[in-house]
$ cat start24.txt   # compact mmCIF, N, CA and C atoms
# COMPACT_ATOMS: atom_id res chain seq x y z
N MET X 29 101.48 -105.16 50.74
CA MET X 29 102.59 -104.40 51.27
C MET X 29 102.14 -102.98 51.52
N SER X 30 102.62 -102.35 52.57
CA SER X 30 102.23 -101.00 52.94
C SER X 30 102.90 -99.98 52.05
N SER X 31 102.20 -98.88 51.81
CA SER X 31 102.83 -97.78 51.08
C SER X 31 103.67 -96.98 52.06
N PRO X 32 104.61 -96.15 51.55
CA PRO X 32 105.52 -95.42 52.44
C PRO X 32 104.81 -94.45 53.39
N ASP X 33 103.57 -94.09 53.09
CA ASP X 33 102.87 -93.11 53.93
C ASP X 33 101.91 -93.73 54.94
N THR X 34 101.88 -95.02 55.05
CA THR X 34 100.93 -95.64 55.96
C THR X 34 101.39 -95.51 57.40
N PRO X 35 100.44 -95.47 58.35
CA PRO X 35 100.81 -95.40 59.76
C PRO X 35 101.71 -96.55 60.19
N THR X 36 101.48 -97.74 59.63
CA THR X 36 102.31 -98.89 59.99
C THR X 36 103.77 -98.63 59.61
N THR X 37 103.99 -98.11 58.43
CA THR X 37 105.34 -97.79 57.99
C THR X 37 105.94 -96.70 58.87
N ASP X 38 105.15 -95.68 59.18
CA ASP X 38 105.63 -94.60 60.05
C ASP X 38 106.00 -95.15 61.43
N ALA X 39 105.17 -96.03 61.96
CA ALA X 39 105.45 -96.62 63.27
C ALA X 39 106.72 -97.46 63.22
N ALA X 40 106.89 -98.23 62.16
CA ALA X 40 108.09 -99.06 62.03
C ALA X 40 109.32 -98.17 61.91
N ARG X 41 109.21 -97.09 61.15
CA ARG X 41 110.34 -96.16 60.99
C ARG X 41 110.68 -95.51 62.33
N ASP X 42 109.66 -95.15 63.09
CA ASP X 42 109.90 -94.57 64.42
C ASP X 42 110.57 -95.58 65.35
N ALA X 43 110.16 -96.84 65.25
CA ALA X 43 110.77 -97.89 66.08
C ALA X 43 112.24 -98.08 65.72
N VAL X 44 112.54 -98.08 64.42
CA VAL X 44 113.94 -98.21 63.99
C VAL X 44 114.73 -96.99 64.43
N ARG X 45 114.12 -95.80 64.30
CA ARG X 45 114.78 -94.57 64.75
C ARG X 45 115.14 -94.67 66.23
N GLN X 46 114.25 -95.19 67.05
CA GLN X 46 114.51 -95.34 68.48
C GLN X 46 115.62 -96.35 68.72
N GLN X 47 115.63 -97.43 67.98
CA GLN X 47 116.69 -98.42 68.13
C GLN X 47 118.04 -97.84 67.72
N ILE X 48 118.04 -97.03 66.67
CA ILE X 48 119.28 -96.36 66.26
C ILE X 48 119.75 -95.41 67.35
N ARG X 49 118.80 -94.66 67.94
CA ARG X 49 119.14 -93.74 69.03
C ARG X 49 119.81 -94.50 70.18
N GLU X 50 119.28 -95.65 70.53
CA GLU X 50 119.86 -96.46 71.60
C GLU X 50 121.24 -96.99 71.21
N ALA X 51 121.38 -97.46 69.97
CA ALA X 51 122.68 -97.96 69.51
C ALA X 51 123.70 -96.83 69.47
N LEU X 52 123.29 -95.66 69.05
CA LEU X 52 124.18 -94.51 69.03
C LEU X 52 124.63 -94.16 70.44
N GLY X 53 123.73 -94.26 71.39
CA GLY X 53 124.09 -94.01 72.79
C GLY X 53 125.17 -94.96 73.27
N ILE X 54 125.10 -96.20 72.84
CA ILE X 54 126.09 -97.20 73.23
C ILE X 54 127.43 -96.92 72.55
N GLU X 55 127.41 -96.57 71.28
CA GLU X 55 128.63 -96.37 70.50
C GLU X 55 129.26 -95.00 70.70
N TRP X 56 128.48 -94.03 71.13
CA TRP X 56 128.93 -92.64 71.16
C TRP X 56 130.14 -92.41 72.08
N ALA X 57 130.15 -92.98 73.25
CA ALA X 57 131.24 -92.74 74.20
C ALA X 57 132.59 -93.13 73.60
N GLU X 58 132.65 -94.29 72.97
CA GLU X 58 133.91 -94.72 72.36
C GLU X 58 134.29 -93.80 71.20
N PHE X 59 133.33 -93.46 70.36
CA PHE X 59 133.59 -92.55 69.23
C PHE X 59 134.08 -91.20 69.75
N GLU X 60 133.44 -90.70 70.78
CA GLU X 60 133.80 -89.41 71.35
C GLU X 60 135.20 -89.43 71.95
N SER X 61 135.57 -90.54 72.57
CA SER X 61 136.91 -90.62 73.16
C SER X 61 137.99 -90.67 72.08
N ARG X 62 137.70 -91.27 70.94
CA ARG X 62 138.68 -91.36 69.85
C ARG X 62 138.71 -90.10 68.99
N HIS X 63 137.57 -89.41 68.89
CA HIS X 63 137.45 -88.25 67.99
C HIS X 63 136.69 -87.12 68.69
N PRO X 64 137.25 -86.54 69.75
CA PRO X 64 136.51 -85.56 70.54
C PRO X 64 136.07 -84.31 69.76
N ALA X 65 136.93 -83.79 68.90
CA ALA X 65 136.56 -82.58 68.16
C ALA X 65 135.42 -82.87 67.18
N LEU X 66 135.49 -84.00 66.49
CA LEU X 66 134.43 -84.38 65.56
C LEU X 66 133.13 -84.64 66.30
N ALA X 67 133.20 -85.35 67.41
CA ALA X 67 132.01 -85.65 68.20
C ALA X 67 131.35 -84.36 68.69
N ALA X 68 132.16 -83.38 69.08
CA ALA X 68 131.61 -82.11 69.56
C ALA X 68 130.90 -81.35 68.44
N ALA X 69 131.34 -81.56 67.20
CA ALA X 69 130.77 -80.84 66.07
C ALA X 69 129.52 -81.51 65.50
N LEU X 70 129.28 -82.77 65.85
CA LEU X 70 128.16 -83.51 65.27
C LEU X 70 126.88 -83.33 66.07
N ASP X 71 125.80 -83.29 65.35
CA ASP X 71 124.46 -83.26 65.94
C ASP X 71 123.97 -84.72 65.99
N LYS X 72 123.68 -85.21 67.18
CA LYS X 72 123.29 -86.62 67.33
C LYS X 72 122.00 -86.92 66.55
N GLN X 73 121.06 -85.99 66.52
CA GLN X 73 119.81 -86.23 65.77
C GLN X 73 120.11 -86.38 64.28
N MET X 74 121.04 -85.57 63.77
CA MET X 74 121.44 -85.69 62.38
C MET X 74 122.07 -87.06 62.12
N MET X 75 122.84 -87.55 63.09
CA MET X 75 123.46 -88.86 62.95
C MET X 75 122.40 -89.97 62.91
N ILE X 76 121.37 -89.82 63.72
CA ILE X 76 120.28 -90.80 63.72
C ILE X 76 119.60 -90.82 62.36
N GLU X 77 119.31 -89.65 61.81
CA GLU X 77 118.65 -89.58 60.51
C GLU X 77 119.57 -90.11 59.40
N LEU X 78 120.87 -89.83 59.50
CA LEU X 78 121.83 -90.35 58.52
C LEU X 78 121.85 -91.88 58.56
N ALA X 79 121.89 -92.43 59.75
CA ALA X 79 121.89 -93.90 59.89
C ALA X 79 120.60 -94.49 59.36
N LEU X 80 119.47 -93.84 59.62
CA LEU X 80 118.18 -94.31 59.13
C LEU X 80 118.16 -94.32 57.60
N THR X 81 118.70 -93.28 57.00
CA THR X 81 118.77 -93.19 55.54
C THR X 81 119.70 -94.27 54.98
N ARG X 82 120.83 -94.44 55.61
CA ARG X 82 121.79 -95.46 55.14
C ARG X 82 121.18 -96.86 55.24
N LEU X 83 120.43 -97.11 56.31
CA LEU X 83 119.80 -98.42 56.45
C LEU X 83 118.78 -98.67 55.34
N ALA X 84 118.03 -97.64 55.01
CA ALA X 84 117.01 -97.79 53.97
C ALA X 84 117.64 -98.17 52.64
N ASP X 85 118.89 -97.76 52.43
CA ASP X 85 119.59 -98.04 51.18
C ASP X 85 120.52 -99.25 51.26
N ASP X 86 120.56 -99.91 52.39
CA ASP X 86 121.51 -101.00 52.61
C ASP X 86 120.88 -102.36 52.33
N PRO X 87 121.28 -103.00 51.22
CA PRO X 87 120.69 -104.30 50.88
C PRO X 87 120.90 -105.36 51.97
N ALA X 88 122.05 -105.32 52.64
CA ALA X 88 122.32 -106.31 53.70
C ALA X 88 121.34 -106.13 54.86
N TYR X 89 121.06 -104.88 55.21
CA TYR X 89 120.09 -104.62 56.28
C TYR X 89 118.70 -105.08 55.86
N GLN X 90 118.30 -104.74 54.64
CA GLN X 90 116.97 -105.13 54.17
C GLN X 90 116.82 -106.66 54.15
N LYS X 91 117.89 -107.35 53.74
CA LYS X 91 117.85 -108.81 53.74
C LYS X 91 117.76 -109.35 55.17
N ALA X 92 118.51 -108.74 56.08
CA ALA X 92 118.48 -109.20 57.47
C ALA X 92 117.09 -109.02 58.07
N ILE X 93 116.45 -107.89 57.78
CA ILE X 93 115.10 -107.66 58.29
C ILE X 93 114.12 -108.67 57.68
N ALA X 94 114.22 -108.91 56.38
CA ALA X 94 113.34 -109.89 55.74
C ALA X 94 113.57 -111.28 56.33
N ASP X 95 114.85 -111.64 56.53
CA ASP X 95 115.16 -112.94 57.13
C ASP X 95 114.63 -113.02 58.56
N ALA X 96 114.75 -111.91 59.29
CA ALA X 96 114.26 -111.89 60.68
C ALA X 96 112.75 -112.08 60.71
N GLU X 97 112.05 -111.41 59.81
CA GLU X 97 110.60 -111.56 59.76
C GLU X 97 110.21 -112.99 59.38
N ALA X 98 110.96 -113.57 58.45
CA ALA X 98 110.65 -114.92 57.99
C ALA X 98 110.95 -115.98 59.04
N SER X 99 111.97 -115.74 59.85
CA SER X 99 112.37 -116.76 60.81
C SER X 99 112.08 -116.39 62.25
N SER X 100 111.42 -115.27 62.46
CA SER X 100 111.06 -114.81 63.80
C SER X 100 112.29 -114.64 64.70
N LEU X 101 113.35 -114.03 64.16
CA LEU X 101 114.52 -113.74 64.98
C LEU X 101 114.13 -112.77 66.09
N THR X 102 114.86 -112.81 67.15
CA THR X 102 114.53 -111.97 68.29
C THR X 102 114.92 -110.52 68.04
N ILE X 103 114.31 -109.63 68.78
CA ILE X 103 114.63 -108.21 68.69
C ILE X 103 116.08 -107.95 69.05
N SER X 104 116.66 -108.75 69.92
CA SER X 104 118.06 -108.54 70.28
C SER X 104 118.98 -108.76 69.09
N THR X 105 118.62 -109.67 68.20
CA THR X 105 119.41 -109.90 66.99
C THR X 105 119.36 -108.67 66.09
N ILE X 106 118.18 -108.11 65.93
CA ILE X 106 118.02 -106.90 65.12
C ILE X 106 118.75 -105.73 65.78
N GLU X 107 118.66 -105.61 67.09
CA GLU X 107 119.36 -104.54 67.79
C GLU X 107 120.87 -104.65 67.60
N ALA X 108 121.40 -105.85 67.63
CA ALA X 108 122.84 -106.06 67.41
C ALA X 108 123.23 -105.63 66.01
N LEU X 109 122.39 -105.95 65.04
CA LEU X 109 122.64 -105.53 63.67
C LEU X 109 122.63 -104.01 63.56
N LEU X 110 121.65 -103.38 64.18
CA LEU X 110 121.57 -101.92 64.15
C LEU X 110 122.80 -101.29 64.80
N GLN X 111 123.24 -101.84 65.91
CA GLN X 111 124.41 -101.29 66.58
C GLN X 111 125.63 -101.37 65.66
N GLY X 112 125.78 -102.47 64.97
CA GLY X 112 126.87 -102.60 64.02
C GLY X 112 126.78 -101.59 62.89
N LYS X 113 125.58 -101.34 62.40
CA LYS X 113 125.39 -100.37 61.33
C LYS X 113 125.69 -98.96 61.82
N VAL X 114 125.27 -98.63 63.03
CA VAL X 114 125.57 -97.31 63.60
C VAL X 114 127.08 -97.15 63.76
N ARG X 115 127.75 -98.17 64.25
CA ARG X 115 129.21 -98.14 64.39
C ARG X 115 129.85 -97.89 63.03
N SER X 116 129.35 -98.54 62.00
CA SER X 116 129.88 -98.38 60.65
C SER X 116 129.69 -96.94 60.15
N VAL X 117 128.54 -96.36 60.41
CA VAL X 117 128.30 -94.97 60.00
C VAL X 117 129.29 -94.04 60.70
N LEU X 118 129.50 -94.24 61.99
CA LEU X 118 130.45 -93.41 62.74
C LEU X 118 131.87 -93.57 62.20
N GLU X 119 132.25 -94.80 61.91
CA GLU X 119 133.60 -95.05 61.40
C GLU X 119 133.81 -94.42 60.03
N LYS X 120 132.78 -94.40 59.21
CA LYS X 120 132.91 -93.80 57.89
C LYS X 120 133.10 -92.29 57.96
N LEU X 121 132.71 -91.68 59.05
CA LEU X 121 132.90 -90.25 59.21
C LEU X 121 134.37 -89.87 59.30
N VAL X 122 135.19 -90.79 59.77
CA VAL X 122 136.60 -90.48 59.99
C VAL X 122 137.53 -91.17 58.98
N THR X 123 136.97 -91.85 58.02
CA THR X 123 137.82 -92.48 57.01
C THR X 123 137.73 -91.76 55.70
$ encode --input "start24.txt" --output "structure tokens"
Amino acid sequence: MSSPDTPTTDAARDAVRQQIREALGIEWAEFESRHPALAAALDKQMMIELALTRLADDPAYQKAIADAEASSLTISTIEALLQGKVRSVLEKLVT
């Protein structure tokens, strides 16, 4: 298993960060229309880092990634999971 400082881990983290950025782009318009003042006050990069941190601590996400690796699930399945997690992070901001 790779240590947290290995290039492979860094590359994987960067790939997840990019997927979160894309999911945030998809979810942002709806969030912004429902909560314009909050959306104006938020830094999107901060939201990406928050989602990345939440994913690292999320047992369901870790299990899904392990299951995906074990069963060779497609990237679209992982992207759908990430989009749901980003949506959840945004929703928690207003609850």
$ select_by_dssp --input "start24.txt" --residues "chain X" --states "helix (DSSP H, G or I)" --output "MDAnalysis selection string"
chainID X and resid 35:62 64:69 72:84 87:99 103:121
$ residues_around --input "start24.txt" --residues "stretch 42-45 of chain X" --least-positions-apart "6" --cutoff "10 Å" --atoms "only C-alpha atoms" --output "list in words"
Thr36, Ala51, Gln73, Ile76, Glu77, Ala79, Leu80, Leu83, Ile106, Glu107 and Leu110 of chain X
$ atom_distance --input "start24.txt" --atom1 "atom CA of X:Pro87" --atom2 "atom CA of X:Ala67"
27.9 Å
$ closest_residue --input "start24.txt" --among "X:Val122, X:Ala108, X:Phe59, X:Val117" --to "X:Leu78" --atoms "only N, CA and C atoms"
X:Val117
$ decode --input "start24.txt" --residues "stretch 59-82 of chain X" --atoms "N, CA and C atoms" --output "PDB file, in the first residue's frame"
ATOM      1  N   PHE X  59     -27.540  25.027  -6.662  1.00  0.00           N
ATOM      2  CA  PHE X  59     -27.264  25.548  -5.320  1.00  0.00           C
ATOM      3  C   PHE X  59     -27.320  27.075  -5.320  1.00  0.00           C
ATOM      4  N   GLU X  60     -26.724  27.676  -6.328  1.00  0.00           N
ATOM      5  CA  GLU X  60     -26.684  29.131  -6.433  1.00  0.00           C
ATOM      6  C   GLU X  60     -28.085  29.718  -6.618  1.00  0.00           C
ATOM      7  N   SER X  61     -28.923  29.026  -7.375  1.00  0.00           N
ATOM      8  CA  SER X  61     -30.284  29.538  -7.579  1.00  0.00           C
ATOM      9  C   SER X  61     -31.115  29.452  -6.299  1.00  0.00           C
ATOM     10  N   ARG X  62     -30.864  28.459  -5.466  1.00  0.00           N
ATOM     11  CA  ARG X  62     -31.611  28.307  -4.213  1.00  0.00           C
ATOM     12  C   ARG X  62     -31.040  29.159  -3.085  1.00  0.00           C
ATOM     13  N   HIS X  63     -29.730  29.420  -3.127  1.00  0.00           N
ATOM     14  CA  HIS X  63     -29.054  30.129  -2.034  1.00  0.00           C
ATOM     15  C   HIS X  63     -28.062  31.156  -2.606  1.00  0.00           C
ATOM     16  N   PRO X  64     -28.556  32.183  -3.294  1.00  0.00           N
ATOM     17  CA  PRO X  64     -27.654  33.116  -3.985  1.00  0.00           C
ATOM     18  C   PRO X  64     -26.677  33.848  -3.064  1.00  0.00           C
ATOM     19  N   ALA X  65     -27.129  34.287  -1.902  1.00  0.00           N
ATOM     20  CA  ALA X  65     -26.231  35.020  -1.006  1.00  0.00           C
ATOM     21  C   ALA X  65     -25.120  34.110  -0.482  1.00  0.00           C
ATOM     22  N   LEU X  66     -25.471  32.887  -0.105  1.00  0.00           N
ATOM     23  CA  LEU X  66     -24.474  31.938   0.381  1.00  0.00           C
ATOM     24  C   LEU X  66     -23.500  31.564  -0.730  1.00  0.00           C
ATOM     25  N   ALA X  67     -24.013  31.311  -1.916  1.00  0.00           N
ATOM     26  CA  ALA X  67     -23.157  30.958  -3.047  1.00  0.00           C
ATOM     27  C   ALA X  67     -22.175  32.082  -3.362  1.00  0.00           C
ATOM     28  N   ALA X  68     -22.632  33.324  -3.257  1.00  0.00           N
ATOM     29  CA  ALA X  68     -21.752  34.466  -3.530  1.00  0.00           C
ATOM     30  C   ALA X  68     -20.640  34.574  -2.494  1.00  0.00           C
ATOM     31  N   ALA X  69     -20.912  34.110  -1.278  1.00  0.00           N
ATOM     32  CA  ALA X  69     -19.931  34.223  -0.201  1.00  0.00           C
ATOM     33  C   ALA X  69     -18.930  33.069  -0.172  1.00  0.00           C
ATOM     34  N   LEU X  70     -19.222  31.986  -0.882  1.00  0.00           N
ATOM     35  CA  LEU X  70     -18.363  30.806  -0.834  1.00  0.00           C
ATOM     36  C   LEU X  70     -17.254  30.855  -1.876  1.00  0.00           C
ATOM     37  N   ASP X  71     -16.128  30.334  -1.494  1.00  0.00           N
ATOM     38  CA  ASP X  71     -14.992  30.165  -2.393  1.00  0.00           C
ATOM     39  C   ASP X  71     -15.073  28.732  -2.942  1.00  0.00           C
ATOM     40  N   LYS X  72     -15.189  28.600  -4.250  1.00  0.00           N
ATOM     41  CA  LYS X  72     -15.352  27.267  -4.843  1.00  0.00           C
ATOM     42  C   LYS X  72     -14.151  26.367  -4.544  1.00  0.00           C
ATOM     43  N   GLN X  73     -12.942  26.918  -4.539  1.00  0.00           N
ATOM     44  CA  GLN X  73     -11.758  26.097  -4.246  1.00  0.00           C
ATOM     45  C   GLN X  73     -11.835  25.558  -2.816  1.00  0.00           C
ATOM     46  N   MET X  74     -12.313  26.389  -1.880  1.00  0.00           N
ATOM     47  CA  MET X  74     -12.485  25.943  -0.511  1.00  0.00           C
ATOM     48  C   MET X  74     -13.507  24.805  -0.452  1.00  0.00           C
ATOM     49  N   MET X  75     -14.553  24.910  -1.263  1.00  0.00           N
ATOM     50  CA  MET X  75     -15.573  23.863  -1.300  1.00  0.00           C
ATOM     51  C   MET X  75     -14.986  22.548  -1.827  1.00  0.00           C
ATOM     52  N   ILE X  76     -14.124  22.647  -2.815  1.00  0.00           N
ATOM     53  CA  ILE X  76     -13.475  21.452  -3.359  1.00  0.00           C
ATOM     54  C   ILE X  76     -12.629  20.784  -2.282  1.00  0.00           C
ATOM     55  N   GLU X  77     -11.855  21.576  -1.556  1.00  0.00           N
ATOM     56  CA  GLU X  77     -10.998  21.022  -0.507  1.00  0.00           C
ATOM     57  C   GLU X  77     -11.843  20.445   0.640  1.00  0.00           C
ATOM     58  N   LEU X  78     -12.950  21.106   0.969  1.00  0.00           N
ATOM     59  CA  LEU X  78     -13.852  20.596   2.006  1.00  0.00           C
ATOM     60  C   LEU X  78     -14.428  19.247   1.586  1.00  0.00           C
ATOM     61  N   ALA X  79     -14.869  19.150   0.352  1.00  0.00           N
ATOM     62  CA  ALA X  79     -15.420  17.880  -0.146  1.00  0.00           C
ATOM     63  C   ALA X  79     -14.351  16.797  -0.144  1.00  0.00           C
ATOM     64  N   LEU X  80     -13.130  17.136  -0.529  1.00  0.00           N
ATOM     65  CA  LEU X  80     -12.029  16.174  -0.545  1.00  0.00           C
ATOM     66  C   LEU X  80     -11.758  15.662   0.869  1.00  0.00           C
ATOM     67  N   THR X  81     -11.773  16.560   1.839  1.00  0.00           N
ATOM     68  CA  THR X  81     -11.557  16.177   3.233  1.00  0.00           C
ATOM     69  C   THR X  81     -12.698  15.297   3.736  1.00  0.00           C
ATOM     70  N   ARG X  82     -13.912  15.679   3.416  1.00  0.00           N
ATOM     71  CA  ARG X  82     -15.074  14.887   3.849  1.00  0.00           C
ATOM     72  C   ARG X  82     -15.033  13.485   3.242  1.00  0.00           C
TER      73      ARG X  82
END
